[in-house]
file input-v3.pdb (PDB, C-alpha atoms)
ATOM      1  CA  MET A   1      17.217 -23.984 -26.309
ATOM      2  CA  HIS A   2      15.540 -25.206 -23.177
ATOM      3  CA  LYS A   3      17.570 -22.914 -20.949
ATOM      4  CA  THR A   4      16.601 -19.772 -22.831
ATOM      5  CA  LEU A   5      12.987 -20.820 -23.192
ATOM      6  CA  GLN A   6      12.253 -21.343 -19.535
ATOM      7  CA  PRO A   7      12.573 -17.765 -18.219
ATOM      8  CA  LYS A   8      10.580 -16.626 -21.232
ATOM      9  CA  ILE A   9       7.680 -18.853 -20.209
ATOM     10  CA  ILE A  10       7.919 -17.563 -16.644
ATOM     11  CA  ALA A  11       7.937 -13.988 -17.950
ATOM     12  CA  VAL A  12       4.834 -14.554 -20.070
ATOM     13  CA  MET A  13       3.074 -16.279 -17.170
ATOM     14  CA  THR A  14       3.998 -13.518 -14.739
ATOM     15  CA  GLY A  15       2.760 -10.901 -17.171
ATOM     16  CA  ALA A  16      -0.496 -12.775 -17.703
ATOM     17  CA  ILE A  17      -1.117 -13.213 -13.990
ATOM     18  CA  LEU A  18      -0.380  -9.552 -13.281
ATOM     19  CA  LEU A  19      -2.691  -8.477 -16.120
ATOM     20  CA  LEU A  20      -5.414 -10.765 -14.805
ATOM     21  CA  LEU A  21      -5.029  -9.275 -11.313
ATOM     22  CA  CYS A  22      -5.323  -5.782 -12.823
ATOM     23  CA  VAL A  23      -8.531  -6.714 -14.641
ATOM     24  CA  ILE A  24     -10.043  -8.350 -11.542
ATOM     25  CA  SER A  25      -9.269  -5.330  -9.370
ATOM     26  CA  LEU A  26     -10.657  -2.960 -11.990
ATOM     27  CA  LEU A  27     -13.880  -4.986 -12.055
ATOM     28  CA  CYS A  28     -14.037  -4.911  -8.250
ATOM     29  CA  ILE A  29     -13.592  -1.145  -8.268
ATOM     30  CA  LEU A  30     -16.044  -0.386 -11.055
ATOM     31  CA  LEU A  31     -18.881  -2.771 -10.189
ATOM     32  CA  PRO A  32     -21.559  -0.610  -8.614
ATOM     33  CA  ARG A  33     -23.017  -1.792  -5.386
ATOM     34  CA  ARG A  34     -25.834   0.501  -4.283
ATOM     35  CA  HIS A  35     -28.310  -0.427  -1.651
ATOM     36  CA  ALA A  36     -31.685   1.228  -1.728
ATOM     37  CA  SER A  37     -32.423   0.853   1.963
ATOM     38  CA  GLY A  38     -29.552   3.089   3.018
ATOM     39  CA  TYR A  39     -26.455   2.466   5.039
ATOM     40  CA  VAL A  40     -25.366   2.155   8.632
ATOM     41  CA  ALA A  41     -22.008   3.692   9.546
ATOM     42  CA  ASP A  42     -19.880   1.536  11.843
ATOM     43  CA  ILE A  43     -17.071   3.432  13.520
ATOM     44  CA  TYR A  44     -14.197   1.251  14.638
ATOM     45  CA  GLN A  45     -11.226   2.227  16.770
ATOM     46  CA  GLU A  46      -8.375  -0.266  17.163
ATOM     47  CA  GLY A  47     -10.730  -2.895  15.773
ATOM     48  CA  LYS A  48     -13.429  -2.285  18.393
ATOM     49  CA  LEU A  49     -16.815  -1.025  17.317
ATOM     50  CA  LEU A  50     -17.444   2.384  18.918
ATOM     51  CA  THR A  51     -20.884   3.200  17.519
ATOM     52  CA  SER A  52     -23.209   2.422  14.658
ATOM     53  CA  ILE A  53     -25.101   5.307  13.101
ATOM     54  CA  PRO A  54     -27.973   4.589  10.687
ATOM     55  CA  LEU A  55     -27.425   7.304   8.077
ATOM     56  CA  VAL A  56     -31.041   7.213   6.869
ATOM     57  CA  ASP A  57     -32.220   8.522  10.234
ATOM     58  CA  VAL A  58     -29.932  11.564  10.106
ATOM     59  CA  GLU A  59     -31.915  14.698   9.237
ATOM     60  CA  THR A  60     -29.579  17.524  10.215
ATOM     61  CA  PRO A  61     -25.781  17.244   9.988
ATOM     62  CA  TYR A  62     -23.913  17.055  13.252
ATOM     63  CA  SER A  63     -20.344  16.394  14.266
ATOM     64  CA  PHE A  64     -18.557  14.785  17.182
ATOM     65  CA  THR A  65     -14.978  14.078  18.181
ATOM     66  CA  VAL A  66     -13.472  10.641  18.716
ATOM     67  CA  THR A  67     -10.457  10.559  21.014
ATOM     68  CA  GLY A  68      -8.087   7.607  20.814
ATOM     69  CA  VAL A  69      -6.068   5.980  23.584
ATOM     70  CA  SER A  70      -2.952   7.989  22.761
ATOM     71  CA  GLY A  71      -4.931  11.247  22.809
ATOM     72  CA  CYS A  72      -5.327  11.583  19.057
ATOM     73  CA  LYS A  73      -8.504  13.232  17.837
ATOM     74  CA  ASN A  74     -10.734  12.829  14.779
ATOM     75  CA  GLU A  75     -13.719  15.103  14.241
ATOM     76  CA  ILE A  76     -16.407  13.144  12.428
ATOM     77  CA  GLU A  77     -19.365  14.757  10.701
ATOM     78  CA  VAL A  78     -22.569  12.879   9.998
ATOM     79  CA  ARG A  79     -24.812  14.135   7.187
ATOM     80  CA  PRO A  80     -28.008  12.656   5.783
ATOM     81  CA  GLY A  81     -26.747   9.658   3.841
ATOM     82  CA  SER A  82     -23.028  10.300   4.195
ATOM     83  CA  ILE A  83     -20.245  10.442   6.757
ATOM     84  CA  GLY A  84     -16.666  11.715   6.811
ATOM     85  CA  ILE A  85     -13.845  13.116   8.868
ATOM     86  CA  LEU A  86     -13.773  16.924   9.149
ATOM     87  CA  SER A  87     -10.451  17.353  10.905
ATOM     88  CA  ALA A  88      -7.793  15.197  12.518
ATOM     89  CA  ASP A  89      -4.516  15.647  14.336
ATOM     90  CA  CYS A  90      -2.710  12.965  12.337
ATOM     91  CA  PRO A  91       0.236  14.176  10.229
ATOM     92  CA  ASP A  92      -0.886  13.486   6.676
ATOM     93  CA  LYS A  93      -4.657  14.132   6.942
ATOM     94  CA  LEU A  94      -5.400  11.398   4.408
ATOM     95  CA  CYS A  95      -8.595  10.582   6.295
ATOM     96  CA  VAL A  96      -9.830  14.159   5.816
ATOM     97  CA  HIS A  97      -8.939  14.100   2.120
ATOM     98  CA  GLN A  98     -10.920  10.895   1.662
ATOM     99  CA  GLY A  99     -13.972  13.125   2.067
ATOM    100  CA  PHE A 100     -17.476  11.910   2.698
ATOM    101  CA  ILE A 101     -18.571   8.401   1.802
ATOM    102  CA  SER A 102     -22.068   7.374   0.905
ATOM    103  CA  ASP A 103     -21.636   3.727  -0.120
ATOM    104  CA  SER A 104     -19.908   0.630   1.205
ATOM    105  CA  ARG A 105     -17.199   0.450  -1.457
ATOM    106  CA  LEU A 106     -14.418   2.109   0.547
ATOM    107  CA  PRO A 107     -14.104   2.843   4.235
ATOM    108  CA  VAL A 108     -12.685   6.104   5.558
ATOM    109  CA  THR A 109      -9.503   5.179   7.367
ATOM    110  CA  CYS A 110      -7.152   7.087   9.613
ATOM    111  CA  LEU A 111      -4.240   4.715  10.046
ATOM    112  CA  PRO A 112      -2.214   6.805  12.561
ATOM    113  CA  ASN A 113      -5.236   6.993  14.864
ATOM    114  CA  ARG A 114      -6.390   3.492  13.917
ATOM    115  CA  LEU A 115      -9.871   4.685  13.119
ATOM    116  CA  VAL A 116     -12.050   3.101  10.468
ATOM    117  CA  ILE A 117     -15.499   4.223   9.359
ATOM    118  CA  GLN A 118     -17.219   1.553   7.322
ATOM    119  CA  LEU A 119     -20.655   1.753   5.760
ATOM    120  CA  ARG A 120     -22.779  -1.346   5.679
ATOM    121  CA  PRO A 121     -26.130  -1.830   3.953
ATOM    122  CA  ALA A 122     -28.881  -1.327   6.498
ATOM    123  CA  GLU A 123     -30.453  -4.698   5.829
ATOM    124  CA  GLN A 124     -27.172  -6.486   6.447
ATOM    125  CA  GLU A 125     -26.293  -7.685   9.922
ATOM    126  CA  LEU A 126     -23.158  -6.457  11.678
ATOM    127  CA  PRO A 127     -20.242  -8.769  10.834
ATOM    128  CA  ASN A 128     -19.592  -9.833  14.379
ATOM    129  CA  SER A 129     -16.904 -12.275  15.320
ATOM    130  CA  SER A 130     -16.419 -11.448  18.989
ATOM    131  CA  ALA A 131     -19.979 -10.948  20.187
ATOM    132  CA  ILE A 132     -22.079 -13.901  21.182
ATOM    133  CA  ASP A 133     -25.042 -14.645  18.984
ATOM    134  CA  ILE A 134     -28.081 -13.968  21.106
ATOM    135  CA  ILE A 135     -30.464 -16.015  19.024
ATOM    136  CA  THR A 136     -30.306 -19.719  19.734
ATOM    137  CA  TYR A 137     -32.446 -22.436  18.398
TER     138      TYR A 137
ATOM    139  CA  MET B   1      33.159  -5.484   2.569
ATOM    140  CA  SER B   2      35.714  -3.372   0.764
ATOM    141  CA  THR B   3      35.867   0.383   1.219
ATOM    142  CA  LYS B   4      34.875   0.907  -2.383
ATOM    143  CA  LYS B   5      31.797  -1.305  -1.995
ATOM    144  CA  LEU B   6      30.850   0.371   1.281
ATOM    145  CA  THR B   7      31.137   3.806  -0.300
ATOM    146  CA  THR B   8      29.122   2.772  -3.350
ATOM    147  CA  LEU B   9      26.362   1.245  -1.232
ATOM    148  CA  ALA B  10      26.294   4.316   1.022
ATOM    149  CA  LEU B  11      25.957   6.433  -2.094
ATOM    150  CA  TYR B  12      23.015   4.331  -3.252
ATOM    151  CA  ALA B  13      21.418   4.537   0.201
ATOM    152  CA  THR B  14      21.746   8.341   0.123
ATOM    153  CA  LEU B  15      20.326   8.411  -3.389
ATOM    154  CA  SER B  16      17.293   6.348  -2.443
ATOM    155  CA  LEU B  17      16.773   8.476   0.688
ATOM    156  CA  ALA B  18      16.863  11.613  -1.477
ATOM    157  CA  ILE B  19      14.375  10.082  -3.931
ATOM    158  CA  TYR B  20      12.167   9.119  -0.999
ATOM    159  CA  ALA B  21      12.329  12.674   0.387
ATOM    160  CA  VAL B  22      11.440  14.215  -2.962
ATOM    161  CA  GLU B  23       8.577  11.766  -3.382
ATOM    162  CA  SER B  24       7.112  12.483   0.045
ATOM    163  CA  ALA B  25       7.038  16.165  -0.924
ATOM    164  CA  ILE B  26       4.623  15.316  -3.754
ATOM    165  CA  PRO B  27       1.070  15.645  -2.430
ATOM    166  CA  PRO B  28      -0.893  12.364  -2.537
ATOM    167  CA  LEU B  29      -2.606  11.974  -5.907
ATOM    168  CA  VAL B  30      -5.387   9.692  -4.698
ATOM    169  CA  PRO B  31      -6.916   9.966  -1.222
ATOM    170  CA  ILE B  32      -6.310   6.296  -0.505
ATOM    171  CA  PRO B  33      -3.622   5.446   2.033
ATOM    172  CA  GLY B  34      -0.822   3.353   0.569
ATOM    173  CA  ILE B  35      -0.980   4.588  -3.009
ATOM    174  CA  LYS B  36       2.253   6.230  -4.050
ATOM    175  CA  LEU B  37       4.822   5.941  -6.792
ATOM    176  CA  GLY B  38       7.431   4.138  -4.713
ATOM    177  CA  LEU B  39      10.272   5.749  -6.627
ATOM    178  CA  ALA B  40      12.867   4.634  -4.070
ATOM    179  CA  ASN B  41      12.217   1.116  -5.347
ATOM    180  CA  ILE B  42      14.187   2.067  -8.479
ATOM    181  CA  VAL B  43      17.388   1.950  -6.437
ATOM    182  CA  THR B  44      16.491  -1.447  -4.954
ATOM    183  CA  LEU B  45      15.835  -2.814  -8.435
ATOM    184  CA  ILE B  46      19.107  -1.468  -9.836
ATOM    185  CA  LEU B  47      21.009  -2.987  -6.923
ATOM    186  CA  LEU B  48      19.249  -6.321  -7.403
ATOM    187  CA  GLN B  49      20.142  -6.317 -11.073
ATOM    188  CA  HIS B  50      23.724  -5.108 -11.007
ATOM    189  CA  TYR B  51      24.859  -6.028  -7.496
ATOM    190  CA  SER B  52      23.414  -8.692  -5.210
ATOM    191  CA  GLY B  53      20.378  -9.387  -3.093
ATOM    192  CA  LYS B  54      22.472  -8.831   0.020
ATOM    193  CA  ASP B  55      23.546  -5.383  -1.127
ATOM    194  CA  ALA B  56      19.966  -4.499  -2.017
ATOM    195  CA  SER B  57      18.734  -5.516   1.445
ATOM    196  CA  PHE B  58      21.510  -3.492   3.133
ATOM    197  CA  VAL B  59      20.548  -0.364   1.235
ATOM    198  CA  LEU B  60      16.817  -0.930   1.671
ATOM    199  CA  PHE B  61      17.162  -1.424   5.425
ATOM    200  CA  ALA B  62      19.367   1.671   5.775
ATOM    201  CA  ARG B  63      16.913   3.736   3.755
ATOM    202  CA  ILE B  64      13.893   2.601   5.782
ATOM    203  CA  LEU B  65      15.624   3.272   9.115
ATOM    204  CA  LEU B  66      16.893   6.682   8.025
ATOM    205  CA  SER B  67      13.609   7.781   6.462
ATOM    206  CA  THR B  68      11.698   6.783   9.605
ATOM    207  CA  LEU B  69      14.179   8.712  11.753
ATOM    208  CA  LEU B  70      14.014  11.765   9.522
ATOM    209  CA  PHE B  71      10.415  11.971   8.337
ATOM    210  CA  GLY B  72       8.217   9.301   9.835
ATOM    211  CA  GLN B  73       6.624   8.138  12.998
ATOM    212  CA  LEU B  74       7.291   4.842  14.703
ATOM    213  CA  LEU B  75       4.124   3.339  13.257
ATOM    214  CA  SER B  76       5.209   3.999   9.691
ATOM    215  CA  LEU B  77       8.329   1.914  10.388
ATOM    216  CA  PHE B  78       6.180  -1.217  10.577
ATOM    217  CA  TYR B  79       4.436  -0.390   7.317
ATOM    218  CA  SER B  80       7.704   0.395   5.568
ATOM    219  CA  LEU B  81       9.484  -2.695   6.868
ATOM    220  CA  ALA B  82       6.604  -5.009   6.011
ATOM    221  CA  GLY B  83       6.139  -3.571   2.535
ATOM    222  CA  GLY B  84       9.859  -3.219   1.868
ATOM    223  CA  PHE B  85      10.903  -6.712   2.793
ATOM    224  CA  PHE B  86       7.839  -8.386   1.341
ATOM    225  CA  SER B  87       8.619  -6.738  -1.979
ATOM    226  CA  LEU B  88      12.362  -7.375  -1.677
ATOM    227  CA  LEU B  89      11.808 -11.117  -1.224
ATOM    228  CA  THR B  90       9.391 -11.213  -4.143
ATOM    229  CA  MET B  91      11.763  -9.263  -6.378
ATOM    230  CA  LEU B  92      14.661 -11.528  -5.392
ATOM    231  CA  LEU B  93      12.592 -14.527  -6.439
ATOM    232  CA  PHE B  94      11.437 -13.034  -9.742
ATOM    233  CA  ASN B  95      14.849 -11.596 -10.524
ATOM    234  CA  ARG B  96      16.277 -15.080 -10.221
ATOM    235  CA  LEU B  97      13.450 -16.791 -12.109
ATOM    236  CA  LEU B  98      13.595 -14.284 -14.947
ATOM    237  CA  GLN B  99      17.411 -14.316 -14.973
ATOM    238  CA  LYS B 100      17.676 -10.545 -14.492
ATOM    239  CA  ARG B 101      15.683  -9.874 -17.641
ATOM    240  CA  TRP B 102      12.269  -8.199 -17.956
ATOM    241  CA  VAL B 103      13.008  -5.952 -15.000
ATOM    242  CA  PHE B 104       9.610  -4.271 -15.395
ATOM    243  CA  LEU B 105       7.937  -7.584 -14.511
ATOM    244  CA  THR B 106      10.105  -7.926 -11.416
ATOM    245  CA  GLY B 107       9.211  -4.337 -10.531
ATOM    246  CA  ALA B 108       5.483  -4.954 -10.985
ATOM    247  CA  ALA B 109       5.587  -8.088  -8.830
ATOM    248  CA  GLY B 110       7.565  -6.165  -6.200
ATOM    249  CA  GLY B 111       5.121  -3.273  -6.201
ATOM    250  CA  LEU B 112       2.226  -5.680  -5.808
ATOM    251  CA  ALA B 113       3.966  -7.496  -2.938
ATOM    252  CA  HIS B 114       4.804  -4.163  -1.277
ATOM    253  CA  ASN B 115       1.177  -3.056  -1.202
ATOM    254  CA  ILE B 116      -0.113  -6.440  -0.080
ATOM    255  CA  GLY B 117       2.443  -6.479   2.752
ATOM    256  CA  GLN B 118       1.388  -3.025   3.886
ATOM    257  CA  LEU B 119      -2.281  -3.913   3.699
ATOM    258  CA  LEU B 120      -1.642  -6.995   5.845
ATOM    259  CA  VAL B 121       0.036  -4.818   8.488
ATOM    260  CA  ALA B 122      -2.848  -2.327   8.316
ATOM    261  CA  PHE B 123      -5.242  -5.245   8.728
ATOM    262  CA  LEU B 124      -3.325  -6.523  11.770
ATOM    263  CA  LEU B 125      -2.987  -3.049  13.352
ATOM    264  CA  THR B 126      -6.559  -1.902  12.868
ATOM    265  CA  ALA B 127      -8.000  -5.424  13.230
ATOM    266  CA  THR B 128     -10.825  -4.341  10.930
ATOM    267  CA  PRO B 129     -11.766  -6.470   7.913
ATOM    268  CA  GLY B 130     -13.005  -3.237   6.316
ATOM    269  CA  VAL B 131      -9.499  -2.164   5.303
ATOM    270  CA  LEU B 132      -9.421  -5.138   2.940
ATOM    271  CA  ALA B 133     -11.793  -3.123   0.744
ATOM    272  CA  TYR B 134      -8.660  -1.276  -0.379
ATOM    273  CA  LEU B 135      -7.263  -4.491  -1.850
ATOM    274  CA  PRO B 136      -8.324  -3.949  -5.498
ATOM    275  CA  PHE B 137      -7.035  -0.351  -5.444
ATOM    276  CA  LEU B 138      -3.741  -1.392  -3.899
ATOM    277  CA  VAL B 139      -3.293  -4.353  -6.268
ATOM    278  CA  LEU B 140      -3.865  -2.129  -9.276
ATOM    279  CA  SER B 141      -1.654   0.720  -8.084
ATOM    280  CA  GLY B 142       1.067  -1.666  -6.922
ATOM    281  CA  ILE B 143       1.308  -3.323 -10.319
ATOM    282  CA  LEU B 144       1.166  -0.062 -12.297
ATOM    283  CA  THR B 145       3.668   1.871 -10.172
ATOM    284  CA  GLY B 146       5.904  -1.201 -10.008
ATOM    285  CA  LEU B 147       5.826  -1.432 -13.793
ATOM    286  CA  PHE B 148       6.893   2.212 -13.957
ATOM    287  CA  THR B 149       9.732   1.907 -11.431
ATOM    288  CA  GLY B 150      10.835  -1.287 -13.172
ATOM    289  CA  LEU B 151      11.074   0.472 -16.526
ATOM    290  CA  VAL B 152      12.967   3.400 -14.979
ATOM    291  CA  ALA B 153      15.335   0.953 -13.288
ATOM    292  CA  SER B 154      16.088  -0.953 -16.484
ATOM    293  CA  PHE B 155      16.777   2.242 -18.471
ATOM    294  CA  SER B 156      18.849   3.968 -15.796
ATOM    295  CA  GLY B 157      20.658   0.698 -15.082
ATOM    296  CA  ARG B 158      21.925   0.735 -18.679
ATOM    297  CA  TYR B 159      23.300   4.244 -18.231
ATOM    298  CA  LEU B 160      25.013   3.281 -15.012
ATOM    299  CA  GLN B 161      26.767   0.493 -16.897
ATOM    300  CA  ARG B 162      27.748   2.781 -19.741
ATOM    301  CA  PHE B 163      29.321   5.338 -17.422
ATOM    302  CA  ARG B 164      30.884   2.584 -15.321
ATOM    303  CA  ILE B 165      29.501   3.980 -12.102
ATOM    304  CA  ARG B 166      29.049   0.507 -10.699
TER     305      ARG B 166
END
call {"tool": "encode", "arguments": {"input": "input-v3.pdb", "output": "structure tokens"}}
result
Amino acid sequence: MHKTLQPKIIAVMTGAILLLLCVISLLCILLPRRHASGYVADIYQEGKLLTSIPLVDVETPYSFTVTGVSGCKNEIEVRPGSIGILSADCPDKLCVHQGFISDSRLPVTCLPNRLVIQLRPAEQELPNSSAIDIITY
Amino acid sequence: MSTKKLTTLALYATLSLAIYAVESAIPPLVPIPGIKLGLANIVTLILLQHYSGKDASFVLFARILLSTLLFGQLLSLFYSLAGGFFSLLTMLLFNRLLQKRWVFLTGAAGGLAHNIGQLLVAFLLTATPGVLAYLPFLVLSGILTGLFTGLVASFSGRYLQRFRIR
């Protein structure tokens, strides 16, 4: 009896934990997080911050090209309130298909070119681990 | 390893490579990197259930090497290896704990582990905490696709036994 019961308990527990994880992730995905003061786009390459663009200040759309160390290129377009990748030379173009983002829920990522565009609420400070805090008390 | 075993495992490796090739021809359903069906995992699950963990790792390793040589870039090798072996270890554990029953649970745990492994590699390669925002999407898709591959593996495993292919 005990031998047949034990894997059953493990199965039920595994199922419950997996279901719980599903529910938690669904909540994380669906919970809206909008910030009224607009967003700042941080563009990272290989983990280093290239530029920060406050999207509220953008009035006319413009685009620029980011070239990586291995010569890979991503053409980024900035629009009022949103940012995205127009074209890239990576094989699968997932970054282009991710389209334009206008909130901080998901970054636009080009894994082959190691490029990440992350939006952060304008009132929030840059999450900086490497830079030295200039304000001292 | 006997010739019969070697031939059977090579057959399974070819099968999983073919499944992988067919799957990569399907355009991505969701524009989030890392979300895919992971159909090649069906073969790993069948091997785990009806053969041994060693055989499953042989076939998985062969499939990852061959698919990288044929379709991928060097970078995708790291993602595949991390995801593949993370999920293999998890499925080995669950397969043993659940005594080879409830294969769909083993599959779901494996799918979850696969996506978490890949996300960890993406985190290490891009060194950006921002990629962790994908975590809920990858957890959800890993569990759901793993559930699916697990169910397919348990049904097709029964047929394999009936036709004595193993």
call {"tool": "residues_near_point", "arguments": {"input": "input-v3.pdb", "point": "(-6.3, 3.9, 4.1)", "cutoff": "6 Å", "atoms": "only C-alpha atoms", "output": "PyMOL selection string"}}
result
(chain A and resi 109) or (chain B and resi 32-33)
call {"tool": "resolve_selection", "arguments": {"input": "input-v3.pdb", "expression": "the PyMOL selection byres ((chain A) within 10 of (chain B))", "output": "count of residues only"}}
result
55
call {"tool": "residues_around", "arguments": {"input": "input-v3.pdb", "residues": "range 79-90 of chain A", "least_positions_apart": "3", "cutoff": "6 Å", "atoms": "all atoms listed in the file", "output": "short mmCIF file (atom, residue, chain, number, x, y, z; two decimals) with C-alpha atoms, keeping the file's coordinate frame"}}
result
data_model
loop_
_atom_site.label_atom_id
_atom_site.label_comp_id
_atom_site.auth_asym_id
_atom_site.auth_seq_id
_atom_site.Cartn_x
_atom_site.Cartn_y
_atom_site.Cartn_z
CA LEU A 55 -27.42 7.30 8.08
CA VAL A 56 -31.04 7.21 6.87
CA VAL A 58 -29.93 11.56 10.11
CA GLU A 59 -31.92 14.70 9.24
CA PRO A 61 -25.78 17.24 9.99
CA LYS A 73 -8.50 13.23 17.84
CA ASN A 74 -10.73 12.83 14.78
CA GLU A 75 -13.72 15.10 14.24
CA ILE A 76 -16.41 13.14 12.43
CA LYS A 93 -4.66 14.13 6.94
CA VAL A 96 -9.83 14.16 5.82
CA GLY A 99 -13.97 13.12 2.07
CA PHE A 100 -17.48 11.91 2.70
CA ILE A 101 -18.57 8.40 1.80
CA SER A 102 -22.07 7.37 0.90
#
call {"tool": "atom_distance", "arguments": {"input": "input-v3.pdb", "atom1": "CA of Gly150 in chain B", "atom2": "CA of Leu66 in chain B"}}
result
23.4 Å
call {"tool": "atom_distance", "arguments": {"input": "input-v3.pdb", "atom1": "CA of Val121 in chain B", "atom2": "CA of Ile35 in chain B"}}
result
14.9 Å
call {"tool": "atom_distance", "arguments": {"input": "input-v3.pdb", "atom1": "CA of Ile42 in chain B", "atom2": "CA of Phe78 in chain B"}}
result
20.9 Å
call {"tool": "resolve_selection", "arguments": {"input": "input-v3.pdb", "expression": "the PyMOL selection byres ((chain B and resi 156) around 12)", "output": "PyMOL selection string"}}
result
chain B and resi 42-43+45-47+49-50+103+149-155+157-163+165-166
call {"tool": "residues_around", "arguments": {"input": "input-v3.pdb", "residues": "Glu125 in chain A", "least_positions_apart": "6", "cutoff": "12 Å", "atoms": "all atoms listed in the file", "output": "PyMOL selection string"}}
result
chain A and resi 39-40+42+52+119+133
call {"tool": "resolve_selection", "arguments": {"input": "input-v3.pdb", "expression": "the PyMOL selection byres ((chain B and resi 84-93) around 7)", "output": "list in words"}}
result
Gly53, Ser80, Leu81, Ala82, Gly83, Phe94, Asn95, Arg96, Leu97, Thr106, Gly107, Ala109, Gly110, Gly111, Ala113, His114 and Gly117 of chain B
call {"tool": "closest_residue", "arguments": {"input": "input-v3.pdb", "among": "B:Asn115, B:Ala62, B:Ser2, B:Ser52", "to": "Leu15 in chain B", "atoms": "all atoms listed in the file"}}
result
B:Ala62
call {"tool": "closest_residue", "arguments": {"input": "input-v3.pdb", "among": "B:Tyr79, B:Thr7, B:Asn41, B:Leu70", "to": "Phe148 in chain B", "atoms": "all atoms listed in the file"}}
result
B:Asn41
call {"tool": "closest_atom_pairs", "arguments": {"input": "input-v3.pdb", "of": "range 37-145 of chain B", "to": "range 17-23 of chain B", "cutoff": "7 Å", "atoms": "all atoms listed in the file", "output": "CSV"}}
result
residue,atom,partner,partner_atom,distance
B:Leu39,CA,B:Ile19,CA,6.5
B:Ala40,CA,B:Tyr20,CA,5.5
B:Arg63,CA,B:Leu17,CA,5.6
B:Ser67,CA,B:Leu17,CA,6.6
call {"tool": "axis_aligned_box", "arguments": {"input": "input-v3.pdb", "around": "range 95-110 of chain A", "padding_each_side": "8 Å", "output": "JSON"}}
result
{"center_x": -14.6, "center_y": 7.3, "center_z": 4.1, "size_x": 30.9, "size_y": 29.7, "size_z": 27.1}
call {"tool": "build_atoms", "arguments": {"input": "input-v3.pdb", "residues": "range 146-158 of chain B", "atoms": "N, CA and C atoms", "output": "tab-separated table (two decimals), keeping the file's coordinate frame"}}
result
chain	number	residue	atom	x	y	z
B	146	GLY	N	4.76	-0.30	-9.93
B	146	GLY	CA	5.90	-1.20	-10.01
B	146	GLY	C	6.41	-1.35	-11.43
B	147	LEU	N	5.47	-1.38	-12.38
B	147	LEU	CA	5.83	-1.43	-13.79
B	147	LEU	C	6.66	-0.20	-14.15
B	148	PHE	N	6.20	0.95	-13.67
B	148	PHE	CA	6.89	2.21	-13.96
B	148	PHE	C	8.29	2.22	-13.35
B	149	THR	N	8.41	1.89	-12.06
B	149	THR	CA	9.73	1.91	-11.43
B	149	THR	C	10.64	0.86	-12.07
B	150	GLY	N	10.05	-0.26	-12.50
B	150	GLY	CA	10.84	-1.29	-13.17
B	150	GLY	C	11.41	-0.78	-14.48
B	151	LEU	N	10.59	-0.08	-15.26
B	151	LEU	CA	11.07	0.47	-16.53
B	151	LEU	C	12.17	1.50	-16.29
B	152	VAL	N	11.95	2.39	-15.30
B	152	VAL	CA	12.97	3.40	-14.98
B	152	VAL	C	14.27	2.71	-14.58
B	153	ALA	N	14.13	1.65	-13.76
B	153	ALA	CA	15.34	0.95	-13.29
B	153	ALA	C	16.09	0.31	-14.45
B	154	SER	N	15.36	-0.27	-15.41
B	154	SER	CA	16.09	-0.95	-16.48
B	154	SER	C	16.78	0.06	-17.40
B	155	PHE	N	16.13	1.23	-17.63
B	155	PHE	CA	16.78	2.24	-18.47
B	155	PHE	C	17.96	2.88	-17.76
B	156	SER	N	17.76	3.28	-16.49
B	156	SER	CA	18.85	3.97	-15.80
B	156	SER	C	19.98	3.00	-15.48
B	157	GLY	N	19.62	1.70	-15.31
B	157	GLY	CA	20.66	0.70	-15.08
B	157	GLY	C	21.63	0.62	-16.25
B	158	ARG	N	21.07	0.76	-17.49
B	158	ARG	CA	21.92	0.74	-18.68
B	158	ARG	C	22.91	1.90	-18.67
